[in-house]
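Engineer: Next up, input-v8.cif (mmCIF, C-alpha atoms and all ligand atoms).
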data_run
loop_
_atom_site.label_atom_id
_atom_site.label_comp_id
_atom_site.auth_asym_id
_atom_site.auth_seq_id
_atom_site.Cartn_x
_atom_site.Cartn_y
_atom_site.Cartn_z
CA MET X 1 24.15 10.79 -25.34
CA GLU X 2 23.08 8.69 -28.29
CA ASN X 3 25.14 5.81 -26.94
CA LEU X 4 23.62 5.96 -23.47
CA HIS X 5 20.14 6.20 -24.91
CA HIS X 6 20.75 3.09 -27.06
CA ALA X 7 22.26 1.17 -24.15
CA ILE X 8 19.25 1.92 -21.94
CA GLU X 9 16.80 1.01 -24.70
CA ASP X 10 18.67 -2.23 -25.34
CA ALA X 11 18.64 -3.17 -21.63
CA ARG X 12 14.94 -2.31 -21.39
CA SER X 13 14.04 -4.43 -24.40
CA ARG X 14 15.80 -7.44 -22.83
CA PHE X 15 13.91 -6.69 -19.60
CA VAL X 16 10.57 -6.55 -21.45
CA ALA X 17 11.29 -9.83 -23.24
CA ALA X 18 12.11 -11.53 -19.93
CA ASN X 19 9.05 -10.27 -18.03
CA PRO X 20 5.83 -10.71 -20.03
CA MET X 21 3.72 -11.63 -17.01
CA SER X 22 4.83 -8.60 -14.99
CA GLU X 23 4.16 -6.39 -17.99
CA SER X 24 0.58 -7.56 -18.42
CA ALA X 25 -0.08 -7.43 -14.65
CA ASP X 26 1.15 -3.84 -14.64
CA LYS X 27 -1.09 -2.89 -17.56
CA ALA X 28 -4.13 -4.48 -15.90
CA ALA X 29 -3.41 -2.73 -12.58
CA ALA X 30 -3.65 0.68 -14.25
CA ARG X 31 -7.43 0.18 -14.53
CA TYR X 32 -7.97 0.90 -10.82
CA LEU X 33 -4.65 2.31 -9.60
CA PRO X 34 -3.25 5.43 -11.29
CA GLY X 35 -0.36 4.13 -13.38
CA GLY X 36 -0.88 0.74 -11.75
CA ASN X 37 0.75 2.18 -8.65
CA THR X 38 0.06 3.11 -5.05
CA ARG X 39 3.59 4.13 -4.05
CA THR X 40 5.45 6.29 -6.53
CA VAL X 41 8.99 5.27 -5.59
CA LEU X 42 8.24 1.70 -6.71
CA HIS X 43 7.50 2.73 -10.28
CA PHE X 44 10.21 2.59 -12.94
CA ASP X 45 10.27 2.37 -16.72
CA PRO X 46 9.31 0.33 -18.63
CA PHE X 47 7.28 -1.20 -15.74
CA PRO X 48 8.00 -2.49 -12.24
CA LEU X 49 8.24 -6.21 -11.58
CA THR X 50 5.31 -7.77 -9.77
CA LEU X 51 6.68 -9.73 -6.83
CA VAL X 52 4.94 -12.90 -5.74
CA GLY X 53 7.15 -14.11 -2.95
CA GLY X 54 9.98 -13.36 -0.61
CA ASP X 55 12.00 -15.57 1.66
CA GLY X 56 15.16 -14.78 3.54
CA ALA X 57 17.02 -12.18 1.51
CA GLU X 58 15.52 -13.18 -1.84
CA VAL X 59 12.38 -12.31 -3.78
CA THR X 60 10.60 -13.97 -6.70
CA ASP X 61 8.69 -12.24 -9.47
CA LEU X 62 5.64 -13.23 -11.49
CA ASP X 63 7.74 -14.58 -14.35
CA GLY X 64 9.59 -16.87 -11.96
CA HIS X 65 12.91 -15.01 -11.65
CA ARG X 66 14.64 -14.99 -8.31
CA TYR X 67 16.59 -11.96 -7.08
CA VAL X 68 18.89 -11.12 -4.22
CA ASP X 69 16.87 -8.35 -2.65
CA PHE X 70 18.89 -5.20 -2.04
CA VAL X 71 15.77 -3.01 -2.29
CA GLY X 72 15.14 -4.34 1.21
CA GLU X 73 11.87 -2.37 1.31
CA TYR X 74 13.96 0.83 1.38
CA SER X 75 15.53 -0.35 4.63
CA ALA X 76 12.38 -1.62 6.39
CA ALA X 77 13.09 -5.27 5.48
CA LEU X 78 16.14 -5.48 7.74
CA PHE X 79 14.93 -8.85 9.02
CA GLY X 80 14.38 -10.20 5.51
CA HIS X 81 11.10 -11.69 4.37
CA SER X 82 10.58 -14.76 6.53
CA ASN X 83 12.32 -14.44 9.87
CA ALA X 84 10.91 -17.27 12.01
CA VAL X 85 11.10 -15.32 15.28
CA ILE X 86 9.16 -12.38 13.84
CA LYS X 87 6.57 -14.63 12.21
CA ALA X 88 6.02 -16.53 15.45
CA ALA X 89 5.55 -13.26 17.36
CA ILE X 90 2.94 -12.06 14.85
CA HIS X 91 1.08 -15.37 14.98
CA GLU X 92 1.08 -15.29 18.75
CA ALA X 93 -0.25 -11.71 18.75
CA LEU X 94 -2.99 -12.64 16.29
CA GLU X 95 -4.05 -15.58 18.43
CA GLY X 96 -4.48 -13.15 21.33
CA GLY X 97 -6.93 -10.86 19.54
CA ILE X 98 -6.44 -8.45 16.64
CA THR X 99 -7.84 -4.96 17.30
CA MET X 100 -8.77 -4.48 20.90
CA GLY X 101 -8.75 -0.77 21.70
CA ALA X 102 -6.74 -0.77 24.92
CA PRO X 103 -3.09 -0.72 25.92
CA THR X 104 -1.38 -4.10 25.52
CA ARG X 105 1.81 -5.52 26.91
CA TYR X 106 3.48 -5.24 23.53
CA GLU X 107 3.78 -1.47 23.13
CA ARG X 108 4.99 -1.24 26.71
CA GLU X 109 7.75 -3.71 26.12
CA LEU X 110 8.75 -2.20 22.76
CA ALA X 111 8.90 1.29 24.26
CA GLY X 112 11.30 -0.03 26.90
CA LEU X 113 13.45 -1.79 24.33
CA LEU X 114 13.79 1.37 22.23
CA CYS X 115 14.41 3.74 25.14
CA GLU X 116 17.05 1.45 26.61
CA ARG X 117 18.75 1.29 23.19
CA PHE X 118 18.68 4.89 21.93
CA PRO X 119 20.43 7.32 24.26
CA SER X 120 18.25 10.38 23.51
CA LEU X 121 14.99 8.56 24.24
CA ASP X 122 13.57 8.76 27.72
CA GLN X 123 10.09 8.13 26.38
CA VAL X 124 8.43 7.37 23.03
CA ARG X 125 5.06 7.34 21.39
CA PHE X 126 4.14 5.05 18.52
CA CYS X 127 2.38 5.88 15.28
CA ASN X 128 1.95 4.22 11.90
CA SER X 129 4.78 5.41 9.68
CA GLY X 130 7.96 7.40 9.53
CA THR X 131 6.04 10.23 7.88
CA GLU X 132 3.63 10.36 10.79
CA ALA X 133 6.50 10.23 13.28
CA ASN X 134 8.10 13.26 11.64
CA LEU X 135 4.81 15.14 11.46
CA MET X 136 4.27 14.47 15.16
CA ALA X 137 7.82 15.56 16.01
CA LEU X 138 7.40 18.77 14.01
CA CYS X 139 3.99 19.50 15.55
CA THR X 140 5.44 18.83 18.99
CA ALA X 141 8.26 21.29 18.36
CA ARG X 142 5.81 23.94 17.17
CA VAL X 143 3.66 23.56 20.27
CA VAL X 144 6.51 23.29 22.76
CA THR X 145 8.36 26.33 21.41
CA GLY X 146 5.29 28.32 20.39
CA ARG X 147 7.08 29.08 17.10
CA GLU X 148 6.32 28.37 13.44
CA LYS X 149 9.49 28.12 11.38
CA ILE X 150 11.17 24.84 10.63
CA LEU X 151 14.60 24.45 9.10
CA ALA X 152 14.97 21.46 6.81
CA PHE X 153 17.53 20.59 4.14
CA ASN X 154 17.46 20.57 0.38
CA ASP X 155 17.27 16.97 -0.89
CA ALA X 156 16.09 15.63 2.46
CA TYR X 157 13.24 13.14 2.73
CA HIS X 158 11.12 12.94 5.86
CA GLY X 159 8.02 11.38 4.28
CA GLY X 160 5.57 11.88 1.44
CA VAL X 161 4.41 15.28 2.73
CA VAL X 162 7.72 16.47 4.19
CA LYS X 163 10.15 16.11 1.33
CA PHE X 164 12.65 18.40 -0.31
CA LEU X 165 14.12 16.27 -3.09
CA GLY X 166 14.94 18.94 -5.65
CA GLY X 167 13.28 21.60 -3.45
CA GLN X 168 9.83 21.95 -1.89
CA SER X 169 7.23 19.40 -2.97
CA ALA X 170 3.76 20.46 -4.10
CA LEU X 171 2.35 17.89 -1.69
CA ASN X 172 4.18 19.15 1.40
CA VAL X 173 2.26 20.09 4.50
CA PRO X 174 1.86 23.88 4.62
CA PHE X 175 4.38 24.46 7.41
CA ASP X 176 6.70 27.44 7.38
CA PHE X 177 9.79 25.64 6.08
CA VAL X 178 13.13 27.35 5.56
CA LEU X 179 15.69 25.39 3.54
CA ALA X 180 19.47 25.20 3.75
CA ASP X 181 22.09 22.97 2.09
CA TYR X 182 23.10 19.72 3.77
CA ASN X 183 26.63 19.71 5.21
CA ASP X 184 26.99 23.44 4.49
CA ILE X 185 28.19 24.70 7.86
CA GLU X 186 28.52 28.40 7.07
CA GLY X 187 25.38 28.72 4.96
CA THR X 188 23.20 26.85 7.46
CA SER X 189 24.60 28.72 10.40
CA ALA X 190 23.75 32.00 8.67
CA VAL X 191 20.20 30.79 7.97
CA ILE X 192 19.70 29.89 11.64
CA ASP X 193 21.04 33.29 12.70
CA GLY X 194 18.63 34.93 10.26
CA VAL X 195 15.57 33.08 11.56
CA GLY X 196 16.73 33.37 15.17
CA LYS X 197 14.06 33.16 17.85
CA GLU X 198 11.32 32.34 15.35
CA LEU X 199 12.82 28.91 14.77
CA ALA X 200 10.81 26.01 16.24
CA ALA X 201 12.95 23.14 14.99
CA VAL X 202 15.67 21.85 12.75
CA ILE X 203 14.91 18.45 11.25
CA ILE X 204 17.75 16.43 9.81
CA GLU X 205 18.59 12.94 8.62
CA PRO X 206 22.04 12.27 10.10
CA VAL X 207 22.76 10.38 6.88
CA LEU X 208 20.88 12.04 4.02
CA GLY X 209 19.08 8.95 2.68
CA ALA X 210 17.03 9.43 -0.47
CA GLY X 211 19.27 12.38 -1.28
CA GLY X 212 22.16 9.96 -1.92
CA ASN X 213 23.13 8.28 1.38
CA ILE X 214 25.43 11.15 2.25
CA GLN X 215 27.02 11.05 5.69
CA GLY X 216 26.30 14.05 7.86
CA ASN X 217 29.54 15.76 8.66
CA ARG X 218 30.35 15.71 12.39
CA GLN X 219 31.18 19.43 12.58
CA PHE X 220 27.97 20.21 10.73
CA LEU X 221 25.90 18.22 13.22
CA ASN X 222 27.74 19.80 16.14
CA MET X 223 27.02 23.24 14.71
CA LEU X 224 23.30 22.36 14.52
CA ARG X 225 23.34 21.21 18.12
CA GLN X 226 25.02 24.37 19.30
CA LYS X 227 22.95 26.78 17.21
CA THR X 228 19.60 25.23 18.08
CA GLU X 229 20.49 25.53 21.76
CA GLU X 230 21.45 29.16 21.23
CA VAL X 231 18.12 30.11 19.63
CA GLY X 232 15.97 27.77 21.75
CA ALA X 233 14.83 25.54 18.86
CA LEU X 234 14.48 21.75 19.01
CA LEU X 235 16.85 19.53 17.04
CA ILE X 236 15.03 16.58 15.50
CA PHE X 237 17.05 13.59 14.32
CA ASP X 238 15.14 11.63 11.69
CA GLU X 239 16.67 8.20 12.29
CA VAL X 240 13.88 6.40 10.44
CA LYS X 241 16.53 4.79 8.26
CA THR X 242 19.76 5.34 10.19
CA ALA X 243 18.57 3.69 13.43
CA ARG X 244 19.70 0.41 11.86
CA LEU X 245 23.33 1.61 11.72
CA GLY X 246 25.00 -0.01 14.71
CA PRO X 247 23.36 -0.65 18.07
CA ALA X 248 21.86 2.85 18.50
CA GLY X 249 21.90 4.57 15.13
CA ILE X 250 23.96 7.65 14.44
CA GLN X 251 23.20 9.19 17.82
CA GLY X 252 24.77 6.16 19.48
CA MET X 253 27.73 6.19 17.12
CA LEU X 254 28.45 9.90 17.65
CA ASP X 255 27.31 10.10 21.26
CA PHE X 256 24.92 12.80 20.11
CA ASN X 257 21.87 14.06 21.94
CA PRO X 258 19.06 15.41 19.72
CA ASP X 259 15.93 16.78 21.42
CA LEU X 260 13.58 14.54 19.46
CA THR X 261 14.23 11.39 17.48
CA THR X 262 11.99 9.74 14.93
CA LEU X 263 12.04 6.05 14.08
CA GLY X 264 10.22 3.75 11.68
CA LYS X 265 11.00 1.19 9.00
CA PHE X 266 12.56 -1.86 10.70
CA ILE X 267 11.67 -1.20 14.36
CA SER X 268 8.53 -3.30 14.09
CA GLY X 269 10.14 -6.24 12.38
CA GLY X 270 8.89 -5.17 8.94
CA MET X 271 5.32 -4.36 9.98
CA PRO X 272 3.87 -0.83 9.62
CA THR X 273 5.23 1.50 12.27
CA GLY X 274 6.66 4.79 13.41
CA ALA X 275 7.78 6.32 16.69
CA PHE X 276 8.83 9.70 18.02
CA GLY X 277 10.44 10.37 21.32
CA GLY X 278 12.88 12.38 23.36
CA SER X 279 13.44 13.71 26.83
CA ALA X 280 10.90 12.98 29.57
CA GLU X 281 10.31 16.71 29.81
CA ILE X 282 9.24 17.10 26.19
CA MET X 283 7.33 13.83 26.06
CA SER X 284 5.46 14.64 29.27
CA HIS X 285 3.29 16.95 27.14
CA TYR X 286 1.62 13.73 26.02
CA ASP X 287 0.92 12.43 29.52
CA PRO X 288 -2.90 12.21 29.56
CA ARG X 289 -2.92 12.48 33.34
CA ARG X 290 -1.49 15.96 33.03
CA LYS X 291 -3.74 19.01 32.86
CA GLY X 292 -3.69 20.53 29.36
CA ALA X 293 -1.88 17.52 27.90
CA LEU X 294 -1.55 17.18 24.14
CA ALA X 295 -3.84 14.47 22.80
CA HIS X 296 -1.99 12.20 20.43
CA ALA X 297 -4.35 9.96 18.50
CA GLY X 298 -4.10 7.04 16.08
CA THR X 299 -6.31 3.96 15.93
CA PHE X 300 -3.47 1.67 14.95
CA ASN X 301 -0.62 3.26 16.95
CA ASN X 302 -0.31 0.20 19.17
CA ASN X 303 -1.60 -2.48 16.80
CA VAL X 304 -0.56 -5.82 18.18
CA CYS X 305 1.08 -7.21 15.03
CA SER X 306 3.52 -4.32 14.71
CA MET X 307 4.20 -4.06 18.42
CA ALA X 308 4.72 -7.79 18.96
CA ALA X 309 6.92 -8.12 15.88
CA GLY X 310 8.94 -5.12 17.09
CA CYS X 311 9.47 -6.67 20.51
CA ALA X 312 10.68 -9.93 19.03
CA GLY X 313 12.88 -8.16 16.50
CA MET X 314 14.60 -5.77 18.89
CA ARG X 315 14.78 -8.17 21.85
CA ASP X 316 15.67 -11.48 20.22
CA VAL X 317 17.07 -10.77 16.75
CA TYR X 318 18.56 -7.32 16.29
CA THR X 319 20.29 -7.20 19.64
CA ALA X 320 22.93 -4.53 20.20
CA ALA X 321 25.63 -7.14 19.58
CA ARG X 322 24.05 -8.33 16.31
CA ALA X 323 23.62 -4.72 15.19
CA ALA X 324 27.30 -3.96 15.79
CA GLU X 325 28.42 -7.09 13.96
CA PHE X 326 26.05 -6.42 11.04
CA PHE X 327 27.35 -2.87 10.71
CA ASP X 328 30.96 -4.05 10.46
CA TRP X 329 30.10 -6.78 7.94
CA SER X 330 28.09 -4.35 5.78
CA GLU X 331 30.71 -1.64 5.95
CA ALA X 332 33.39 -4.14 4.85
CA PHE X 333 31.22 -4.96 1.82
CA ARG X 334 30.80 -1.27 0.97
CA LEU X 335 34.54 -0.69 1.23
CA SER X 336 35.24 -3.79 -0.88
CA LEU X 337 33.04 -2.39 -3.65
CA ASN X 338 34.99 0.85 -3.60
CA ALA X 339 38.27 -1.04 -3.71
CA MET X 340 37.01 -2.96 -6.75
CA PHE X 341 35.80 0.22 -8.54
CA SER X 342 39.05 1.96 -7.79
CA ALA X 343 41.15 -0.98 -9.04
CA LYS X 344 39.22 -0.86 -12.31
CA SER X 345 39.47 2.93 -12.36
CA VAL X 346 35.76 3.11 -13.14
CA PRO X 347 33.84 6.16 -11.88
CA LEU X 348 31.55 4.35 -9.47
CA TYR X 349 31.38 4.88 -5.74
CA ALA X 350 29.42 3.12 -3.00
CA ASN X 351 28.37 6.05 -0.84
CA GLY X 352 26.74 5.74 2.54
CA MET X 353 27.50 3.79 5.64
CA GLY X 354 27.21 0.14 6.64
CA SER X 355 24.02 -1.42 5.32
CA MET X 356 22.79 1.83 3.71
CA ILE X 357 24.53 2.22 0.37
CA ALA X 358 23.90 4.41 -2.68
CA LEU X 359 25.84 3.84 -5.88
CA HIS X 360 27.02 7.06 -7.48
CA PHE X 361 28.77 7.49 -10.81
CA SER X 362 31.75 9.31 -9.39
CA ARG X 363 35.32 8.50 -8.37
CA GLU X 364 34.95 10.35 -5.07
CA PRO X 365 32.59 10.05 -2.13
CA THR X 366 29.56 12.33 -2.48
CA LYS X 367 29.64 14.81 0.39
CA ARG X 368 26.91 17.22 -0.65
CA PRO X 369 23.79 16.63 -2.78
CA SER X 370 25.08 19.23 -5.24
CA ASP X 371 28.02 16.88 -5.98
CA ILE X 372 25.60 14.52 -7.76
CA THR X 373 25.95 15.25 -11.46
CA ALA X 374 23.35 15.13 -14.22
CA GLY X 375 25.45 12.38 -15.84
CA CYS X 376 25.19 10.31 -12.66
CA ARG X 377 21.40 10.63 -12.65
CA LYS X 378 21.16 9.71 -16.34
CA LEU X 379 23.20 6.53 -15.88
CA ARG X 380 21.06 5.14 -13.04
CA PRO X 381 18.38 3.43 -15.18
CA LEU X 382 21.06 1.46 -17.02
CA LEU X 383 22.62 0.22 -13.79
CA HIS X 384 19.25 -0.66 -12.32
CA ILE X 385 17.96 -2.69 -15.27
CA GLU X 386 21.29 -4.46 -15.94
CA LEU X 387 21.51 -5.56 -12.31
CA LEU X 388 17.93 -6.83 -12.40
CA LEU X 389 18.76 -8.82 -15.51
CA ASP X 390 21.60 -10.36 -13.49
CA GLY X 391 19.35 -11.34 -10.59
CA VAL X 392 20.28 -8.47 -8.28
CA SER X 393 17.44 -6.16 -7.29
CA ILE X 394 18.42 -2.66 -6.17
CA CYS X 395 16.35 0.54 -5.85
CA SER X 396 15.92 2.30 -9.18
CA ARG X 397 17.74 5.35 -7.81
CA GLY X 398 20.78 3.20 -7.00
CA ASP X 399 20.31 2.41 -3.30
CA LEU X 400 21.19 -0.94 -1.78
CA PHE X 401 20.02 -2.03 1.66
CA LEU X 402 21.57 -5.10 3.22
CA SER X 403 19.45 -7.40 5.35
CA LEU X 404 20.17 -9.79 8.20
CA PRO X 405 19.56 -13.04 6.27
CA MET X 406 22.09 -12.06 3.60
CA THR X 407 25.15 -14.27 3.31
CA ASP X 408 28.61 -13.76 1.86
CA GLU X 409 27.29 -15.53 -1.26
CA HIS X 410 24.57 -12.90 -1.71
CA LEU X 411 27.12 -10.14 -1.44
CA ALA X 412 29.44 -11.93 -3.86
CA LYS X 413 26.62 -12.14 -6.39
CA ALA X 414 26.07 -8.37 -6.17
CA ARG X 415 29.80 -7.67 -6.39
CA GLN X 416 30.11 -9.86 -9.48
CA ALA X 417 27.15 -8.19 -11.18
CA LEU X 418 28.64 -4.77 -10.46
CA GLU X 419 32.03 -5.90 -11.73
CA LYS X 420 30.45 -7.12 -14.95
CA PHE X 421 28.57 -3.82 -15.31
CA ALA X 422 31.75 -1.81 -14.70
CA ASP X 423 33.74 -3.84 -17.26
CA ARG X 424 31.04 -3.64 -19.88
CA TYR X 425 30.13 0.03 -19.54
CA LYS X 426 33.26 1.84 -18.33
CA PRO X 427 33.76 3.78 -21.61
CA LEU X 428 30.07 4.71 -21.77
CA ILE X 429 30.08 5.85 -18.13
CA GLU X 430 33.15 8.01 -18.74
CA GLU X 431 31.69 9.43 -21.95
CA THR X 432 28.36 10.27 -20.25
CA LEU X 433 29.99 11.92 -17.24
CA ALA X 434 32.27 13.96 -19.52
CA ALA X 435 29.30 15.11 -21.60
CA HIS X 436 27.60 16.46 -18.45
CA ALA X 437 30.65 17.77 -16.62
C1 LIG B 1 14.60 9.33 6.50
C2 LIG B 1 13.16 8.98 6.31
N1 LIG B 1 12.25 9.57 7.07
C3 LIG B 1 10.93 9.30 6.96
C4 LIG B 1 10.48 8.39 6.03
C5 LIG B 1 9.02 8.12 5.90
O1 LIG B 1 8.71 6.87 6.40
P1 LIG B 1 7.36 6.13 5.92
O2 LIG B 1 7.56 5.73 4.50
O3 LIG B 1 7.22 4.99 6.87
O4 LIG B 1 6.26 7.13 6.06
C6 LIG B 1 11.40 7.73 5.22
C7 LIG B 1 10.94 6.76 4.21
O5 LIG B 1 11.64 6.37 3.33
C8 LIG B 1 12.77 8.04 5.35
O6 LIG B 1 13.68 7.47 4.57
#
Could I get this file's structure written as structure tokens?
Structural biologist:
Amino acid sequence: MENLHHAIEDARSRFVAANPMSESADKAAARYLPGGNTRTVLHFDPFPLTLVGGDGAEVTDLDGHRYVDFVGEYSAALFGHSNAVIKAAIHEALEGGITMGAPTRYERELAGLLCERFPSLDQVRFCNSGTEANLMALCTARVVTGREKILAFNDAYHGGVVKFLGGQSALNVPFDFVLADYNDIEGTSAVIDGVGKELAAVIIEPVLGAGGNIQGNRQFLNMLRQKTEEVGALLIFDEVKTARLGPAGIQGMLDFNPDLTTLGKFISGGMPTGAFGGSAEIMSHYDPRRKGALAHAGTFNNNVCSMAAGCAGMRDVYTAARAAEFFDWSEAFRLSLNAMFSAKSVPLYANGMGSMIALHFSREPTKRPSDITAGCRKLRPLLHIELLLDGVSICSRGDLFLSLPMTDEHLAKARQALEKFADRYKPLIEETLAAHA
């Protein structure tokens, strides 16, 4: 462990030397923001870079370095940072009036675009974030079923107050959550049997995102569909991230029909957003013309910037055809990384699917969160800082999100940086993994 510690310290000291302006901006920010931060996931040691610009698939920091941006705003920046179509739509919306307090044409059009695209959506409602979308879906399930218990998965992330990374979070909403292990068919099936008719909903990311971009096993998802029908619970697909995978997310890919789906991130072109939806029967609870309807509120649910940007993005940029092509191109990149790691016999693996990748220090795909070793977690800071020093920005936990303006040259730059990292650190990676086996 000495060697890993020294390698990380050495990388960090080169990072500090290269980023004096970001360092002092970070220190100054701590005066009014706790730890200089207003979004925990963006913090890393020794300090996060302050970004001053973004265009296309690249970002620039305060010290003038330029990076290929694989953070991709944790998947929300699918369109990159300066898409002309999105910008024009936002400008047009602003010209028409900013906050008007009435329905506008934009949310109506965006609702149609989403419902026509995602097979399980007859109707949707908009909100302001993926977290809010999941809270609304969970509350809907509780009301519709008249039950309290919600099955979620260890290491799942559904938002800042619905997260199970390493177990329950102290900040979680006080719902009656029951936890099972992702992709564990027998264990989960037994949990559902145990809860039985008290179960309101099962909420699942069909690719476990923050938990390591782990693909949901088809049989596992089928079991959830069957069991929830048996006990009369709703199955909620959190496609906040996965909706970008192919024309209609995982539900489109697998021809799967969840009861409720939640969306967010990219669906408003990079502007703040969230949506939840499902069958007309379930969503009719929100029809204000109906007696006893549920009142769904939110001042900014239909804000014109998000809605207009979403329309332009889904209608004119991320068409079904573009989404299919982008998935194939991204998946080829992911597979090419794995071919490179395997040829070098270095224990690195690009987990995930298409444009949602997580790098794991392992020779095998990660199929369950429990496959992620302590050694893998300990090596992440080294990978993150070394890639930054090479002009490739990835999430500190090892995620990469591809974006539409990326070119083959951007991908080649990332591949080269990873190749250099693998060549330089292979013995250290092997030693660290062995020490924590
Ligand atoms: C799968 C998933 N669900 C929900 C959320 C929460 O979305 P937001 O950050 O917009 O609240 C996220 C955010 O990363 C997510 O990855």
Engineer: Check the smallest atom-to-atom distance from each of X:Val162, X:Ala435, X:Arg415, X:Leu382 to X:Asp10 using all atoms listed in the file, then report the winner.
Structural biologist: X:Leu382
Engineer: Please determine, counting all atoms listed in the file, which residue among X:Gly264, X:Gly232, X:Pro247, X:Pro119 has the shortest atom-to-atom distance to ligand LIG 1 (chain B).
Structural biologist: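 Among the listed residues, the smallest separation from ligand LIG 1 (chain B) belongs to X:Gly264.
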Engineer: Give the answer as one residue: which of X:Ser268, X:Glu205, X:Asn213, X:Lys27 has the shortest atom-to-atom distance to X:Cys311, using all atoms listed in the file?
Structural biologist: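 Ranking X:Ser268, X:Glu205, X:Asn213, X:Lys27 by distance to X:Cys311, first place goes to X:Ser268.
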Engineer: Pick out the residues no farther than 7 Å from ligand LIG 1 (chain B), counting all atoms listed in the file, and list them as a PyMOL selection string.
Structural biologist: chain X and resi 74+129-132+134+157-160+205+209-210+238-241+264-265+273-274
Engineer: Using all atoms listed in the file, which of X:Ala180, X:Met253, X:Val191, X:Leu51 sits nearest X:Lys227?
Structural biologist: X:Val191
Engineer: Ranking X:Gly216, X:Phe276, X:Leu224, X:Ala77 by minimum distance to X:Cys139 and counting all atoms listed in the file, which one comes first?
Structural biologist: X:Phe276
Engineer: Using all atoms listed in the file, can you tell me which of X:Tyr182, X:Phe164, X:Phe126, X:Phe15 comes closest to X:Asn302?
Structural biologist: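 Between X:Tyr182, X:Phe164, X:Phe126, X:Phe15, the residue approaching X:Asn302 most closely is X:Phe126.
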Engineer: Please determine the residues with any atom at most 6 Å from (22.7, 14.4, -3.7) (coordinates as given in the file, with all atoms listed in the file counting) and report them as a list in words.
Structural biologist: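 Those residues, ordered by chain and then number, are Gly211, Gly212, Arg368, Pro369, Ser370 and Ile372 of chain X.
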Engineer: Can you pull out the residues contacting X:Gly166? Cut-off 8 Å, using all atoms listed in the file, and skip same-chain residues under 2 positions away; I want them as number ranges by chain.
Structural biologist: X: 154-155, 164, 168
Engineer: At most 6 Å from (23.5, 3.8, -1.0), file frame, all atoms listed in the file: which residues, as a ChimeraX atom specification?
Structural biologist: /X:213,351-352,356-359,399-400
Engineer: Compile the contact shell of X:Ser13 as a PDB file with C-alpha atoms, keeping the file's coordinate frame: residues with an atom at most 10 Å away, counting only C-alpha atoms, same-chain residues fewer than 6 positions apart removed.
Structural biologist:
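Produced file result_30.pdb, reproduced below:
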ATOM      1  CA  ALA X   7      22.260   1.170 -24.150  1.00  0.00           C
ATOM      2  CA  ASN X  19       9.050 -10.270 -18.030  1.00  0.00           C
ATOM      3  CA  PRO X  46       9.310   0.330 -18.630  1.00  0.00           C
TER       4      PRO X  46
END
Engineer: I'd like the contact shell of X:Phe401 - 10 Å cut-off, all atoms listed in the file, skipping same-chain residues fewer than 2 positions apart - returned as a ChimeraX atom specification.
Structural biologist: /X:69-78,330,354-358,394-395,399,403
Engineer: How would the residues just picked look written out with C-alpha atoms as a PDB file, in the frame of the given file?
Structural biologist:
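For reference, result_6.pdb as written:
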ATOM      1  CA  ASP X  69      16.870  -8.350  -2.650  1.00  0.00           C
ATOM      2  CA  PHE X  70      18.890  -5.200  -2.040  1.00  0.00           C
ATOM      3  CA  VAL X  71      15.770  -3.010  -2.290  1.00  0.00           C
ATOM      4  CA  GLY X  72      15.140  -4.340   1.210  1.00  0.00           C
ATOM      5  CA  GLU X  73      11.870  -2.370   1.310  1.00  0.00           C
ATOM      6  CA  TYR X  74      13.960   0.830   1.380  1.00  0.00           C
ATOM      7  CA  SER X  75      15.530  -0.350   4.630  1.00  0.00           C
ATOM      8  CA  ALA X  76      12.380  -1.620   6.390  1.00  0.00           C
ATOM      9  CA  ALA X  77      13.090  -5.270   5.480  1.00  0.00           C
ATOM     10  CA  LEU X  78      16.140  -5.480   7.740  1.00  0.00           C
ATOM     11  CA  SER X 330      28.090  -4.350   5.780  1.00  0.00           C
ATOM     12  CA  GLY X 354      27.210   0.140   6.640  1.00  0.00           C
ATOM     13  CA  SER X 355      24.020  -1.420   5.320  1.00  0.00           C
ATOM     14  CA  MET X 356      22.790   1.830   3.710  1.00  0.00           C
ATOM     15  CA  ILE X 357      24.530   2.220   0.370  1.00  0.00           C
ATOM     16  CA  ALA X 358      23.900   4.410  -2.680  1.00  0.00           C
ATOM     17  CA  ILE X 394      18.420  -2.660  -6.170  1.00  0.00           C
ATOM     18  CA  CYS X 395      16.350   0.540  -5.850  1.00  0.00           C
ATOM     19  CA  ASP X 399      20.310   2.410  -3.300  1.00  0.00           C
ATOM     20  CA  SER X 403      19.450  -7.400   5.350  1.00  0.00           C
TER      21      SER X 403
END
Engineer: Could you please determine the separation between atom CA of X:Gln251 and atom CA of X:Ala141 in Å, to one decimal place?
Structural biologist: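 It comes out at 19.2 Å.
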Engineer: I want to know what sits within 12 Å of X:Ala332, based on only C-alpha atoms, with residues of the same chain fewer than 2 positions away left out; could you give that as a ChimeraX atom specification?
Structural biologist: /X:325-330,334-339,350,353-355,357,402,408,411
Engineer: For a test of reading the model, state the distance in Å between atom CA of X:Phe361 and atom CA of X:Asn217, rounded to one decimal.
Structural biologist: 21.2 Å
Engineer: Give me, as an MDAnalysis selection string, all polymer residues having an atom no more than 12 Å from X:Asp259, counting all atoms listed in the file and skipping those fewer than 5 positions away in the same chain.
Structural biologist: chainID X and resid 119:123 137:138 140:141 144 200:204 224:225 228:229 232:238 251 276:283
Engineer: Would you mind reading off the distance between atom CA of X:Gly298 and atom CA of X:Asn128, one decimal, in Å?
Structural biologist: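 Answer for the atom CA of X:Gly298 to atom CA of X:Asn128 separation: 7.9 Å.
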